[in-house]
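For reference, the structure discussed in these notes is given below.
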Amino acid sequence: MAPLEIYQFPCLSDNYGVLIHDAGAGVTASIDAPEAGKVKAALAEMGWRLTHILTTHHHADHTGGNAALKAETGCTIIGPRGEAAKIPGIDTEVGDGDEFAFGSHRVRVLETPGHTAGQVNYFIPSAKVAFCGDTLFAIGCGRVIEGTPRTMWSSLQKLMALPADTAVYCGHEYTQANAAFALTVEPENAALQKRAKEVDALRAAGKPTLPTSIGLELQTNPFLRPHVPAIQKRLGMEGRPEWEIFAEIRERKNKF
Ligand SMILES: [Fe+2]
């Protein structure tokens, strides 16, 4: 099995594009397609030919390049069944638990509704990598736009159950602002304090803070930590259900 090669690059104002490539099989997928031009430039830089787009959700900053890239390359667009009507050019609809081949790798589909009603994330166990769209961000999570906080919490729990050493690619570079908010929820978290400093240094140097990992998020992401007594105490919600505590943290972030 050829190792999965991964190339991340900035798009639009704060999105990331990601290409994945299996050299043995000669296949290349774009994880979402924020803008066709940047995806094409990345393909040219790597010398890869686009064969697939794996769409996480329907928002225009994730699908804006679909039509142009498909017209130019004839690539196959795989995307969420739950919002297929909103995904330009979709060929193959996938839902929770589905698996499909990408070269010699197997891609597992996790449905993670909340940010959008049908959002899917893609997990590739053989490469220990997950593409989480706008569900999970570094030290944050997506806004709950089309679902309820309880739905979003269930979606995040699916990601929390992945192996700790899973690399996580996300749709946006929001980490620095997320860290500033996280420190208001859990200021005593030493791992978070350390990471916030690392994030500041990376951004000052113009470098990405992604990918992250499931293990690092479990340690530092307040949205994944509603069980932590110090957080429950700070919010005045000791012993409340985790999804309610998650909802309160999400609400505070919306106002931050
Ligand atoms: Fe989005």
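Scheme for the structure tokens: letters A, B, ... for chains in order shown; per-chain residue numbers from 1; ligand numbers from 1 in order shown.
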Problem set entry | Residue neighbourhood Arg108 in chain A, 9 Å, only C-alpha atoms, exclusion window fewer than 3 positions, as an MDAnalysis selection string | chainID A and resid 96:100 121:125
Residues near Ala42 in chain A, anyone? I mean within 9 Å using only C-alpha atoms, not counting same-chain ones fewer than 6 positions away, as an mmCIF file with C-alpha atoms, in the first residue's frame.
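To be explicit, this is the file written out as around30.cif:
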data_model
loop_
_atom_site.group_PDB
_atom_site.id
_atom_site.type_symbol
_atom_site.label_atom_id
_atom_site.label_comp_id
_atom_site.auth_asym_id
_atom_site.auth_seq_id
_atom_site.Cartn_x
_atom_site.Cartn_y
_atom_site.Cartn_z
ATOM 1 C CA TYR A 7 -0.801 18.631 0.813
ATOM 2 C CA GLN A 8 -2.534 21.508 2.629
ATOM 3 C CA PHE A 9 -2.730 25.055 1.270
ATOM 4 C CA GLY A 17 -7.671 23.291 0.743
ATOM 5 C CA VAL A 18 -6.214 19.803 1.066
ATOM 6 C CA LEU A 19 -5.121 17.361 -1.614
ATOM 7 C CA TRP A 48 -0.921 15.474 -9.450
#
For this session: Give as number ranges by chain the residues surrounding ligand 1 up to a distance of 8 Å, considering only C-alpha atoms and all ligand atoms.
Result: A: 57-62, 115-116, 133-134, 142, 171
For this session: Pick out the residues sitting within 10 Å of range 129-132 of chain A, and hand them over as number ranges by chain; count only C-alpha atoms, and ignore anything fewer than 2 positions along from it in its own chain.
Result: A: 4, 6, 18, 31-32, 54-56, 107-110, 112, 119-127, 134-137, 141-142, 156, 159, 162-163, 165-171, 211-214
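For range 102-247 of chain A, the set of residues given strand (DSSP E) by DSSP on the backbone reads Phe102, His105, Arg106, Val107, Arg108, Val109, Leu110, Glu111, Val120, Asn121, Tyr122, Phe123, Ile124, Val129, Ala130, Phe131, Leu136, Phe137, Gly140, Cys141, Ala167, Val168, Tyr169, Thr212 and Ser213 of chain A.
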For this session: Within 10 Å of Ala247 in chain A, counting only C-alpha atoms, which residues show up once you throw out same-chain ones fewer than 4 positions away? Write them as a VMD selection string, please.
Result: chain A and resid 144 148 to 150 152 to 153 223 226 242 to 243 251 to 253
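One distance worth recording is that between CA of Arg49 in chain A and CA of Glu173 in chain A, which is 26.0 Å.
Among the candidate residues A:Glu35, A:Asp14, A:Pro241, A:Thr92, the one lying nearest to Gln176 in chain A is A:Asp14, with distances computed using only C-alpha atoms.
Excluding range 177-193 of chain A and any residue on its chain fewer than 5 positions from it, the residues at most 10 Å away by only C-alpha atoms are Phe137, Ala138, Ile139, Gly140, Cys141, Glu198, Val199, Asp200, Leu216, Glu217, Gln219, Thr220, Asn221, Pro222, Phe223, Arg225, Val228, Ala230, Ile231, Gln232, Arg234, Leu235, Ile249, Arg252, Lys253 and Phe256 of chain A.
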For this session: Do a neighbour search on range 64-76 of chain A at 6 Å with only C-alpha atoms, toss out local chain neighbours closer than 4 positions, and write the hits as a list in words.
Result: Ala33, Pro34, Glu35, Ala36, Thr51, His52 and Ala60 of chain A
Exercise. What is the CA of Ser154 in chain A-CA of Tyr16 in chain A distance in Å, reported with one decimal?
Worked result: 24.9 Å
Problem set entry | Per-residue DSSP, range 103-238 of chain A, filtered to helix (DSSP H, G or I), as a PyMOL selection string | chain A and resi 125-127+149-160+175-185+190-204+214-220+222-224+229-234
